[in-house]
>>> print(open('data.txt').read())   # compact mmCIF, C-alpha atoms
# COMPACT_ATOMS: atom_id res chain seq x y z
CA MET A 5 -31.84 20.07 71.67
CA THR A 6 -29.17 22.74 71.41
CA SER A 7 -28.65 25.13 68.51
CA SER A 8 -25.40 26.72 67.42
CA LYS A 9 -25.24 30.48 67.50
CA ILE A 10 -23.60 32.59 64.80
CA ASP A 11 -22.38 35.95 66.00
CA GLY A 12 -22.23 39.08 63.90
CA HIS A 13 -18.52 38.74 63.11
CA GLN A 14 -18.96 35.22 61.71
CA LEU A 15 -21.93 36.37 59.63
CA GLU A 16 -19.86 39.19 58.15
CA LEU A 17 -17.00 36.83 57.20
CA PHE A 18 -19.46 34.45 55.57
CA ALA A 19 -20.98 37.25 53.51
CA GLN A 20 -17.54 38.40 52.32
CA ASP A 21 -16.60 34.89 51.17
CA PHE A 22 -19.96 34.38 49.47
CA PHE A 23 -19.85 37.58 47.41
CA ALA A 24 -16.17 37.05 46.58
CA ALA A 25 -17.09 33.76 45.02
CA LEU A 26 -19.64 35.52 42.82
CA LYS A 27 -17.08 38.04 41.56
CA PRO A 28 -15.80 37.21 38.05
CA SER A 29 -12.23 35.94 38.03
CA ASP A 30 -9.53 37.92 36.28
CA ARG A 31 -7.98 34.72 34.94
CA PRO A 32 -9.06 33.64 31.43
CA ALA A 33 -11.52 30.78 31.39
CA PRO A 34 -10.22 27.48 30.04
CA PRO A 35 -11.45 26.62 26.58
CA SER A 36 -14.69 24.72 26.65
CA GLN A 37 -14.52 21.02 25.80
CA PRO A 38 -17.32 18.96 24.35
CA LEU A 39 -18.81 16.49 26.76
CA PHE A 40 -18.46 13.71 24.21
CA LYS A 41 -15.74 13.83 21.61
CA ALA A 42 -16.77 12.07 18.42
CA PRO A 43 -14.25 9.53 17.08
CA PRO A 44 -12.61 10.40 13.77
CA ALA A 45 -14.64 9.30 10.81
CA PRO A 46 -13.26 6.15 9.17
CA PRO A 47 -11.68 6.71 5.76
CA ARG A 48 -14.18 6.14 2.97
CA ALA A 49 -13.24 3.83 0.18
CA THR A 50 -12.71 5.41 -3.19
CA LEU A 51 -15.52 4.61 -5.59
CA PRO A 52 -14.20 2.49 -8.45
CA SER A 53 -14.45 3.79 -12.01
CA PRO A 54 -14.48 1.65 -15.16
CA PRO A 55 -11.13 1.57 -16.97
CA LEU A 56 -11.03 3.04 -20.45
CA GLY A 57 -9.49 1.50 -23.53
CA PRO A 58 -7.97 3.53 -26.38
CA SER A 59 -11.17 3.47 -28.43
CA ASP A 60 -13.68 3.69 -25.56
CA PRO A 61 -15.91 6.78 -25.25
CA PRO A 62 -15.34 9.01 -22.21
CA LEU A 63 -17.05 8.11 -18.95
CA LYS A 64 -20.26 9.82 -17.89
CA ARG A 65 -20.43 11.58 -14.52
CA ILE A 66 -23.25 12.09 -12.03
CA VAL A 67 -23.38 13.44 -8.46
CA LEU A 68 -25.23 11.19 -6.01
CA GLY A 69 -25.48 12.71 -2.55
CA HIS A 70 -21.93 13.46 -1.39
CA HIS A 71 -20.36 11.23 -4.04
CA THR A 72 -19.32 11.81 -7.63
CA VAL A 73 -19.79 8.68 -9.71
CA ASP A 74 -18.13 8.06 -13.06
CA TYR A 75 -19.76 5.34 -15.11
CA ALA A 76 -19.51 3.72 -18.52
CA LEU A 77 -22.55 4.06 -20.78
CA ARG A 78 -23.32 1.66 -23.59
CA ARG A 79 -26.25 1.96 -25.98
CA SER A 80 -28.01 -1.17 -27.19
CA SER A 81 -31.29 -2.48 -28.57
CA ARG A 82 -32.51 -3.58 -25.13
CA ARG A 83 -35.87 -2.24 -23.96
CA SER A 84 -34.91 -0.98 -20.50
CA ILE A 85 -31.99 0.60 -18.67
CA GLY A 86 -29.71 -1.94 -17.05
CA PHE A 87 -27.04 -1.57 -14.36
CA MET A 88 -23.99 -3.71 -13.66
CA ILE A 89 -21.56 -3.08 -10.79
CA ASP A 90 -18.32 -4.94 -10.23
CA ASP A 91 -14.83 -4.13 -8.93
CA ASP A 92 -14.34 -1.90 -11.98
CA GLY A 93 -17.29 0.34 -11.14
CA LEU A 94 -20.70 1.06 -12.65
CA ARG A 95 -21.71 0.19 -16.20
CA VAL A 96 -25.03 1.30 -17.61
CA THR A 97 -26.69 -0.14 -20.71
CA ALA A 98 -29.55 1.87 -22.14
CA PRO A 99 -31.80 1.80 -25.21
CA ARG A 100 -30.71 4.08 -28.02
CA ARG A 101 -33.91 6.13 -27.84
CA VAL A 102 -33.52 7.01 -24.12
CA THR A 103 -32.20 10.51 -23.36
CA GLN A 104 -29.29 11.26 -21.03
CA ALA A 105 -31.71 12.93 -18.61
CA ASP A 106 -33.78 9.74 -18.45
CA ILE A 107 -30.63 7.73 -17.75
CA ASP A 108 -29.56 10.07 -14.95
CA ASN A 109 -33.03 9.92 -13.42
CA ALA A 110 -32.94 6.13 -13.50
CA ILE A 111 -29.56 6.18 -11.75
CA ARG A 112 -30.85 8.56 -9.07
CA ALA A 113 -33.86 6.32 -8.50
CA LYS A 114 -31.48 3.50 -7.57
CA GLN A 115 -28.74 5.63 -6.00
CA ARG A 116 -28.91 4.00 -2.56
CA TRP A 117 -28.30 0.57 -4.05
CA ILE A 118 -25.66 1.88 -6.47
CA LEU A 119 -23.68 3.74 -3.79
CA ALA A 120 -23.85 0.82 -1.36
CA LYS A 121 -22.51 -1.57 -4.01
CA LEU A 122 -19.80 0.83 -5.22
CA LEU A 123 -18.58 1.46 -1.66
CA GLU A 124 -18.52 -2.27 -1.02
CA ARG A 125 -16.54 -2.87 -4.20
CA GLY A 126 -14.16 -0.02 -3.38
CA GLU A 127 -13.46 -1.48 0.05
CA ARG A 128 -12.93 -4.90 -1.50
CA ARG A 129 -10.43 -3.48 -3.97
CA GLU A 130 -8.50 -1.69 -1.21
CA GLN A 131 -8.40 -4.83 0.91
CA ARG A 132 -7.12 -6.83 -2.04
CA GLN A 133 -4.41 -4.28 -2.79
CA GLN A 134 -3.27 -4.31 0.84
CA ARG A 135 -2.75 -8.07 0.91
CA PRO A 136 0.90 -9.06 0.45
CA PRO A 137 1.60 -10.73 -2.89
CA VAL A 138 2.85 -14.29 -3.11
CA GLU A 139 6.65 -14.61 -3.18
CA TRP A 140 7.58 -16.61 -6.24
CA LYS A 141 10.20 -18.96 -4.83
CA ASP A 142 10.59 -22.65 -4.06
CA GLY A 143 8.16 -23.64 -1.32
CA ALA A 144 5.58 -20.92 -2.05
CA ARG A 145 2.03 -21.88 -1.13
CA LEU A 146 -0.57 -21.43 -3.87
CA PRO A 147 -4.38 -21.61 -3.44
CA PHE A 148 -5.97 -24.51 -5.31
CA LEU A 149 -9.57 -25.74 -4.93
CA GLY A 150 -9.97 -24.30 -1.45
CA SER A 151 -6.69 -25.66 -0.11
CA GLU A 152 -3.03 -25.08 -0.92
CA ILE A 153 -0.40 -26.68 -3.06
CA THR A 154 3.36 -26.19 -2.83
CA LEU A 155 5.38 -24.68 -5.65
CA ARG A 156 8.59 -26.61 -6.30
CA LEU A 157 11.32 -25.16 -8.50
CA GLU A 158 14.16 -27.23 -9.87
CA GLU A 159 16.94 -26.43 -12.31
CA ALA A 160 16.32 -28.04 -15.68
CA ALA A 161 17.72 -27.97 -19.20
CA ARG A 162 14.16 -27.80 -20.56
CA SER A 163 11.15 -26.15 -18.99
CA HIS A 164 8.49 -28.48 -17.67
CA CYS A 165 5.41 -28.36 -15.43
CA GLN A 166 4.13 -31.39 -13.55
CA TYR A 167 1.66 -31.74 -10.70
CA ASP A 168 2.18 -34.34 -8.01
CA ALA A 169 -1.35 -34.93 -6.70
CA VAL A 170 -0.20 -37.25 -3.90
CA ASN A 171 2.11 -34.69 -2.30
CA ARG A 172 0.16 -31.71 -3.67
CA GLU A 173 3.24 -30.19 -5.28
CA LEU A 174 3.53 -28.32 -8.56
CA TRP A 175 6.98 -28.89 -10.06
CA ILE A 176 8.36 -26.33 -12.49
CA GLY A 177 11.58 -26.85 -14.40
CA VAL A 178 13.54 -23.59 -14.30
CA VAL A 179 15.83 -23.14 -17.28
CA PRO A 180 18.74 -20.68 -17.22
CA GLY A 181 17.57 -17.11 -17.70
CA LEU A 182 13.94 -17.78 -16.77
CA SER A 183 12.44 -14.53 -15.43
CA GLU A 184 9.84 -14.22 -12.67
CA TRP A 185 7.10 -13.08 -15.03
CA GLN A 186 7.75 -16.16 -17.22
CA LEU A 187 7.50 -18.39 -14.16
CA LYS A 188 4.23 -16.76 -13.13
CA GLU A 189 2.87 -17.13 -16.67
CA ARG A 190 3.76 -20.84 -16.65
CA VAL A 191 1.93 -21.36 -13.37
CA LYS A 192 -1.06 -19.34 -14.60
CA LEU A 193 -1.31 -21.53 -17.71
CA TRP A 194 -1.40 -24.61 -15.49
CA PHE A 195 -4.18 -23.13 -13.35
CA GLN A 196 -6.16 -22.22 -16.46
CA ALA A 197 -5.77 -25.71 -17.95
CA GLU A 198 -6.99 -27.25 -14.70
CA ALA A 199 -9.90 -24.79 -14.62
CA LYS A 200 -10.96 -25.61 -18.18
CA ARG A 201 -10.90 -29.36 -17.53
CA LEU A 202 -12.70 -29.23 -14.19
CA PHE A 203 -15.32 -26.62 -15.11
CA LYS A 204 -16.40 -28.59 -18.17
CA GLU A 205 -16.79 -31.68 -16.01
CA ARG A 206 -19.04 -29.77 -13.61
CA LEU A 207 -21.09 -28.23 -16.44
CA ASP A 208 -21.63 -31.66 -17.99
CA HIS A 209 -22.63 -33.03 -14.59
CA TYR A 210 -25.20 -30.35 -13.70
CA ALA A 211 -26.71 -29.50 -17.09
CA PRO A 212 -28.70 -32.78 -17.42
CA LEU A 213 -29.89 -32.44 -13.80
CA LEU A 214 -31.38 -29.04 -14.69
CA GLY A 215 -32.63 -30.22 -18.09
CA VAL A 216 -30.66 -27.66 -20.12
CA ASN A 217 -27.96 -27.67 -22.79
CA TYR A 218 -25.21 -25.10 -23.21
CA SER A 219 -23.83 -24.35 -26.65
CA ALA A 220 -20.27 -23.33 -25.78
CA PHE A 221 -17.96 -22.91 -22.82
CA THR A 222 -14.91 -20.65 -22.47
CA LEU A 223 -12.80 -19.25 -19.65
CA SER A 224 -12.87 -15.58 -18.73
CA SER A 225 -10.39 -13.32 -16.95
CA ALA A 226 -12.90 -10.78 -15.64
CA GLY A 227 -11.79 -8.71 -12.69
CA SER A 228 -14.62 -9.79 -10.40
CA ARG A 229 -17.40 -11.36 -12.43
CA TRP A 230 -17.46 -15.11 -11.80
CA GLY A 231 -19.50 -16.14 -14.81
CA SER A 232 -21.85 -15.15 -17.60
CA CYS A 233 -24.35 -16.77 -19.93
CA THR A 234 -25.70 -15.50 -23.24
CA VAL A 235 -29.14 -16.07 -24.72
CA GLN A 236 -27.40 -18.29 -27.29
CA GLY A 237 -26.29 -20.61 -24.47
CA ALA A 238 -22.61 -19.67 -24.37
CA ILE A 239 -21.21 -19.87 -20.85
CA ARG A 240 -18.07 -18.14 -19.58
CA LEU A 241 -16.52 -18.99 -16.22
CA ASN A 242 -13.74 -17.07 -14.50
CA TRP A 243 -10.65 -19.28 -14.39
CA ARG A 244 -9.73 -17.87 -10.95
CA LEU A 245 -12.52 -19.99 -9.49
CA ILE A 246 -9.93 -22.79 -9.57
CA HIS A 247 -8.51 -21.25 -6.37
CA TYR A 248 -11.81 -21.77 -4.51
CA PRO A 249 -13.45 -24.88 -3.01
CA LEU A 250 -15.24 -27.19 -5.41
CA ALA A 251 -18.55 -26.40 -3.70
CA LEU A 252 -18.21 -22.74 -4.73
CA VAL A 253 -17.23 -23.72 -8.28
CA ASP A 254 -20.41 -25.82 -8.40
CA TYR A 255 -22.49 -22.87 -7.20
CA VAL A 256 -21.26 -20.63 -10.03
CA VAL A 257 -21.79 -23.46 -12.54
CA ALA A 258 -25.35 -23.96 -11.27
CA HIS A 259 -25.96 -20.20 -11.39
CA GLU A 260 -24.95 -19.86 -15.03
CA LEU A 261 -26.78 -23.00 -16.14
CA ALA A 262 -29.96 -21.72 -14.48
CA HIS A 263 -29.77 -18.68 -16.77
CA LEU A 264 -30.49 -21.04 -19.66
CA ARG A 265 -34.00 -21.26 -18.19
CA GLU A 266 -34.33 -17.76 -16.75
CA MET A 267 -32.23 -14.90 -18.17
CA ASN A 268 -32.78 -12.80 -15.05
CA HIS A 269 -32.50 -13.00 -11.27
CA SER A 270 -36.20 -13.46 -10.57
CA PRO A 271 -37.64 -15.85 -7.96
CA ALA A 272 -38.10 -18.36 -10.80
CA PHE A 273 -34.36 -18.14 -11.54
CA TRP A 274 -33.35 -18.78 -7.93
CA ALA A 275 -35.81 -21.65 -7.77
CA ALA A 276 -34.00 -23.18 -10.76
CA VAL A 277 -30.64 -22.74 -9.03
CA GLY A 278 -32.08 -24.34 -5.90
CA GLU A 279 -33.08 -27.46 -7.83
CA ILE A 280 -29.44 -28.46 -8.19
CA TYR A 281 -27.75 -26.28 -5.55
CA PRO A 282 -30.07 -25.67 -2.56
CA ASP A 283 -27.62 -23.68 -0.39
CA TYR A 284 -27.03 -20.92 -2.92
CA ASP A 285 -27.35 -18.19 -0.29
CA GLY A 286 -24.56 -19.72 1.79
CA ALA A 287 -22.39 -20.14 -1.28
CA ARG A 288 -22.85 -16.50 -2.30
CA LEU A 289 -21.74 -15.31 1.14
CA ALA A 290 -18.80 -17.73 1.24
CA LEU A 291 -17.63 -16.67 -2.22
CA ARG A 292 -17.76 -12.99 -1.24
CA LYS A 293 -15.91 -13.62 2.04
CA GLN A 294 -13.20 -15.78 0.51
CA SER A 295 -12.63 -13.36 -2.35
CA HIS A 296 -11.63 -10.77 0.28
CA GLU A 297 -9.13 -13.18 1.82
CA MET A 298 -7.61 -14.66 -1.33
CA PRO A 299 -3.89 -13.87 -1.70
CA VAL A 300 -2.70 -11.94 -4.72
CA LEU A 301 -1.07 -14.21 -7.28
CA PHE A 302 -1.23 -12.43 -10.59
CA ALA A 303 -1.52 -8.65 -10.87
CA GLU A 304 -3.74 -7.80 -13.82
>>> encode(input="data.txt", output="structure tokens")
Amino acid sequence: MTSSKIDGHQLELFAQDFFAALKPSDRPAPPSQPLFKAPPAPPRATLPSPPLGPSDPPLKRIVLGHHTVDYALRRSSRRSIGFMIDDDGLRVTAPRRVTQADIDNAIRAKQRWILAKLLERGERREQRQQRPPVEWKDGARLPFLGSEITLRLEEAARSHCQYDAVNRELWIGVVPGLSEWQLKERVKLWFQAEAKRLFKERLDHYAPLLGVNYSAFTLSSAGSRWGSCTVQGAIRLNWRLIHYPLALVDYVVAHELAHLREMNHSPAFWAAVGEIYPDYDGARLALRKQSHEMPVLFAE
């Protein structure tokens, strides 16, 4: 085996190159870059706040983590502090004897749940506002019981509204000078009349199956609450449910009727719902998903 020989001159050149490489460069070093650049944080939805009427008291405010939450406080004769969250924000109902400090402590005890729900509602509101509104013209497609119907406009000496169930067309007689808001109001009244008729049919169908009786039924126009039931047996159902499939209407009807047996959301309550509507979990998810996708018809 042969070995290569390095003479003194080569060794000297090697040493010069080696130490030159160790000498600091006169050129400025490039700015350091992180090995992994984090993506920009997604925009956070604005937390909704309850709207105030002319005679309403001012909102309360509390800081939860990195968020400032404005909420409406109502005093009542109830025995415990209650929370309700919808698209209009957080509402708190508290006994008259409870101090503000106790209320704030109760909110902080549930802050993870409250913030999660408020962020979800804020995102839902932003998604709804970003959806393009329906164009109110002949041929517009309107959501009705989980499908669509066609709006038909025709010139007429007198205003009229007639639904053709065979062709799934809603005919509106447009008189001279009819404005868009009047047209929308006419269509809304038709939807509400259909909702009142259908919802009562479903209540009368399910109430005997659950063994309960309701005392009154009215429509509501709540921003996001689908229904409510009082201890006196009065049921309110959101008329906008008329846009959704009948199966989801039936779920909300079953939900409110079950409150006539259990005025809470305990396991006993859900067992009552399940007696007449077994797939209530699927319906809840479907109702939430479809509410995000529903086109905007009437700005409130």
>>> closest_residue(input="data.txt", among="A:Pro54, A:Gly150, A:Gly237, A:Pro271", to="Val96 (chain A)", atoms="only C-alpha atoms")
A:Pro54
>>> residues_around(input="data.txt", residues="Ile66 (chain A)", least_positions_apart="2", cutoff="10 Å", atoms="all atoms listed in the file", output="PyMOL selection string")
chain A and resi 64+68-69+71-75+108+111-112
>>> closest_residue(input="data.txt", among="A:Glu266, A:Ala76, A:Phe302, A:Leu214", to="Glu279 (chain A)", atoms="only C-alpha atoms")
A:Leu214
>>> residues_around(input="data.txt", residues="Trp243 (chain A)", least_positions_apart="6", cutoff="12 Å", atoms="only C-alpha atoms", output="PDB file with C-alpha atoms, in the coordinates of the input")
ATOM      1  CA  PHE A 148      -5.970 -24.510  -5.310  1.00  0.00           C
ATOM      2  CA  LEU A 149      -9.570 -25.740  -4.930  1.00  0.00           C
ATOM      3  CA  LYS A 192      -1.060 -19.340 -14.600  1.00  0.00           C
ATOM      4  CA  LEU A 193      -1.310 -21.530 -17.710  1.00  0.00           C
ATOM      5  CA  TRP A 194      -1.400 -24.610 -15.490  1.00  0.00           C
ATOM      6  CA  PHE A 195      -4.180 -23.130 -13.350  1.00  0.00           C
ATOM      7  CA  GLN A 196      -6.160 -22.220 -16.460  1.00  0.00           C
ATOM      8  CA  ALA A 197      -5.770 -25.710 -17.950  1.00  0.00           C
ATOM      9  CA  GLU A 198      -6.990 -27.250 -14.700  1.00  0.00           C
ATOM     10  CA  ALA A 199      -9.900 -24.790 -14.620  1.00  0.00           C
ATOM     11  CA  LYS A 200     -10.960 -25.610 -18.180  1.00  0.00           C
ATOM     12  CA  ARG A 201     -10.900 -29.360 -17.530  1.00  0.00           C
ATOM     13  CA  LEU A 202     -12.700 -29.230 -14.190  1.00  0.00           C
ATOM     14  CA  PHE A 203     -15.320 -26.620 -15.110  1.00  0.00           C
ATOM     15  CA  LYS A 204     -16.400 -28.590 -18.170  1.00  0.00           C
ATOM     16  CA  PHE A 221     -17.960 -22.910 -22.820  1.00  0.00           C
ATOM     17  CA  THR A 222     -14.910 -20.650 -22.470  1.00  0.00           C
ATOM     18  CA  LEU A 223     -12.800 -19.250 -19.650  1.00  0.00           C
ATOM     19  CA  SER A 224     -12.870 -15.580 -18.730  1.00  0.00           C
ATOM     20  CA  SER A 225     -10.390 -13.320 -16.950  1.00  0.00           C
ATOM     21  CA  ALA A 226     -12.900 -10.780 -15.640  1.00  0.00           C
ATOM     22  CA  GLY A 227     -11.790  -8.710 -12.690  1.00  0.00           C
ATOM     23  CA  SER A 228     -14.620  -9.790 -10.400  1.00  0.00           C
ATOM     24  CA  ARG A 229     -17.400 -11.360 -12.430  1.00  0.00           C
ATOM     25  CA  TRP A 230     -17.460 -15.110 -11.800  1.00  0.00           C
ATOM     26  CA  GLY A 231     -19.500 -16.140 -14.810  1.00  0.00           C
ATOM     27  CA  VAL A 253     -17.230 -23.720  -8.280  1.00  0.00           C
ATOM     28  CA  VAL A 256     -21.260 -20.630 -10.030  1.00  0.00           C
TER      29      VAL A 256
END
>>> atom_distance(input="data.txt", atom1="CA of Ala113 (chain A)", atom2="CA of Glu127 (chain A)")
23.5 Å
>>> closest_residue(input="data.txt", among="A:Leu245, A:Ala276, A:Leu155, A:Ala161", to="Arg190 (chain A)", atoms="all atoms listed in the file")
A:Leu155
>>> atom_distance(input="data.txt", atom1="CA of Thr154 (chain A)", atom2="CA of Arg244 (chain A)")
17.5 Å
>>> closest_residue(input="data.txt", among="A:Val257, A:Val300, A:Ala160, A:Ile85", to="Gln104 (chain A)", atoms="all atoms listed in the file")
A:Ile85
>>> atom_distance(input="data.txt", atom1="CA of Ala98 (chain A)", atom2="CA of Arg125 (chain A)")
22.7 Å
>>> closest_residue(input="data.txt", among="A:Gln294, A:Thr50, A:Ser232, A:Ser151", to="Asn268 (chain A)", atoms="all atoms listed in the file")
A:Ser232
>>> closest_residue(input="data.txt", among="A:Asp285, A:Glu139, A:Asp91, A:Asp254", to="Leu301 (chain A)", atoms="all atoms listed in the file")
A:Glu139
>>> axis_aligned_box(input="data.txt", around="region 92-110 of chain A", padding_each_side="6 Å", output="JSON")
{"center_x": -24.1, "center_y": 5.5, "center_z": -19.6, "size_x": 31.6, "size_y": 26.8, "size_z": 28.9}
>>> residues_near_point(input="data.txt", point="(-30.0, -21.4, -25.9)", cutoff="12 Å", atoms="all atoms listed in the file", output="PyMOL selection string")
chain A and resi 216-220+233-239+261-267
>>> write_last_selection(input="data.txt", atoms="C-alpha atoms", output="PDB file, in the frame of the given file")
ATOM      1  CA  VAL A 216     -30.660 -27.660 -20.120  1.00  0.00           C
ATOM      2  CA  ASN A 217     -27.960 -27.670 -22.790  1.00  0.00           C
ATOM      3  CA  TYR A 218     -25.210 -25.100 -23.210  1.00  0.00           C
ATOM      4  CA  SER A 219     -23.830 -24.350 -26.650  1.00  0.00           C
ATOM      5  CA  ALA A 220     -20.270 -23.330 -25.780  1.00  0.00           C
ATOM      6  CA  CYS A 233     -24.350 -16.770 -19.930  1.00  0.00           C
ATOM      7  CA  THR A 234     -25.700 -15.500 -23.240  1.00  0.00           C
ATOM      8  CA  VAL A 235     -29.140 -16.070 -24.720  1.00  0.00           C
ATOM      9  CA  GLN A 236     -27.400 -18.290 -27.290  1.00  0.00           C
ATOM     10  CA  GLY A 237     -26.290 -20.610 -24.470  1.00  0.00           C
ATOM     11  CA  ALA A 238     -22.610 -19.670 -24.370  1.00  0.00           C
ATOM     12  CA  ILE A 239     -21.210 -19.870 -20.850  1.00  0.00           C
ATOM     13  CA  LEU A 261     -26.780 -23.000 -16.140  1.00  0.00           C
ATOM     14  CA  ALA A 262     -29.960 -21.720 -14.480  1.00  0.00           C
ATOM     15  CA  HIS A 263     -29.770 -18.680 -16.770  1.00  0.00           C
ATOM     16  CA  LEU A 264     -30.490 -21.040 -19.660  1.00  0.00           C
ATOM     17  CA  ARG A 265     -34.000 -21.260 -18.190  1.00  0.00           C
ATOM     18  CA  GLU A 266     -34.330 -17.760 -16.750  1.00  0.00           C
ATOM     19  CA  MET A 267     -32.230 -14.900 -18.170  1.00  0.00           C
TER      20      MET A 267
END
>>> decode(input="data.txt", residues="region 176-193 of chain A", atoms="N, CA and C atoms", output="short mmCIF file (atom, residue, chain, number, x, y, z; two decimals), in the first residue's frame")
data_model
loop_
_atom_site.label_atom_id
_atom_site.label_comp_id
_atom_site.auth_asym_id
_atom_site.auth_seq_id
_atom_site.Cartn_x
_atom_site.Cartn_y
_atom_site.Cartn_z
N ILE A 176 -96.69 36.21 -6.62
CA ILE A 176 -97.01 37.49 -5.96
C ILE A 176 -97.48 38.47 -7.03
N GLY A 177 -98.65 39.06 -6.80
CA GLY A 177 -99.14 40.10 -7.69
C GLY A 177 -98.51 41.43 -7.33
N VAL A 178 -97.78 42.01 -8.27
CA VAL A 178 -97.06 43.26 -8.03
C VAL A 178 -97.89 44.42 -8.60
N VAL A 179 -98.37 45.25 -7.70
CA VAL A 179 -99.15 46.41 -8.12
C VAL A 179 -98.22 47.57 -8.41
N PRO A 180 -98.64 48.55 -9.20
CA PRO A 180 -97.77 49.70 -9.48
C PRO A 180 -97.32 50.39 -8.19
N GLY A 181 -96.03 50.70 -8.14
CA GLY A 181 -95.49 51.41 -6.98
C GLY A 181 -95.08 50.52 -5.83
N LEU A 182 -95.22 49.18 -5.98
CA LEU A 182 -94.83 48.29 -4.90
C LEU A 182 -93.31 48.34 -4.70
N SER A 183 -92.87 48.62 -3.48
CA SER A 183 -91.44 48.71 -3.19
C SER A 183 -90.90 47.33 -2.82
N GLU A 184 -89.55 47.23 -2.79
CA GLU A 184 -88.94 45.94 -2.46
C GLU A 184 -89.25 45.53 -1.03
N TRP A 185 -89.22 46.47 -0.09
CA TRP A 185 -89.47 46.10 1.30
C TRP A 185 -90.91 45.61 1.47
N GLN A 186 -91.86 46.15 0.67
CA GLN A 186 -93.24 45.68 0.74
C GLN A 186 -93.36 44.26 0.17
N LEU A 187 -92.61 44.00 -0.90
CA LEU A 187 -92.59 42.66 -1.46
C LEU A 187 -92.03 41.66 -0.45
N LYS A 188 -90.91 42.01 0.18
CA LYS A 188 -90.31 41.13 1.17
C LYS A 188 -91.26 40.89 2.35
N GLU A 189 -91.96 41.93 2.76
CA GLU A 189 -92.90 41.79 3.87
C GLU A 189 -94.04 40.85 3.50
N ARG A 190 -94.49 40.93 2.23
CA ARG A 190 -95.57 40.05 1.78
C ARG A 190 -95.12 38.60 1.80
N VAL A 191 -93.90 38.35 1.33
CA VAL A 191 -93.37 36.99 1.33
C VAL A 191 -93.16 36.50 2.77
N LYS A 192 -92.66 37.37 3.63
CA LYS A 192 -92.47 36.98 5.04
C LYS A 192 -93.79 36.59 5.69
N LEU A 193 -94.85 37.33 5.42
CA LEU A 193 -96.15 37.00 5.99
C LEU A 193 -96.62 35.63 5.52
#
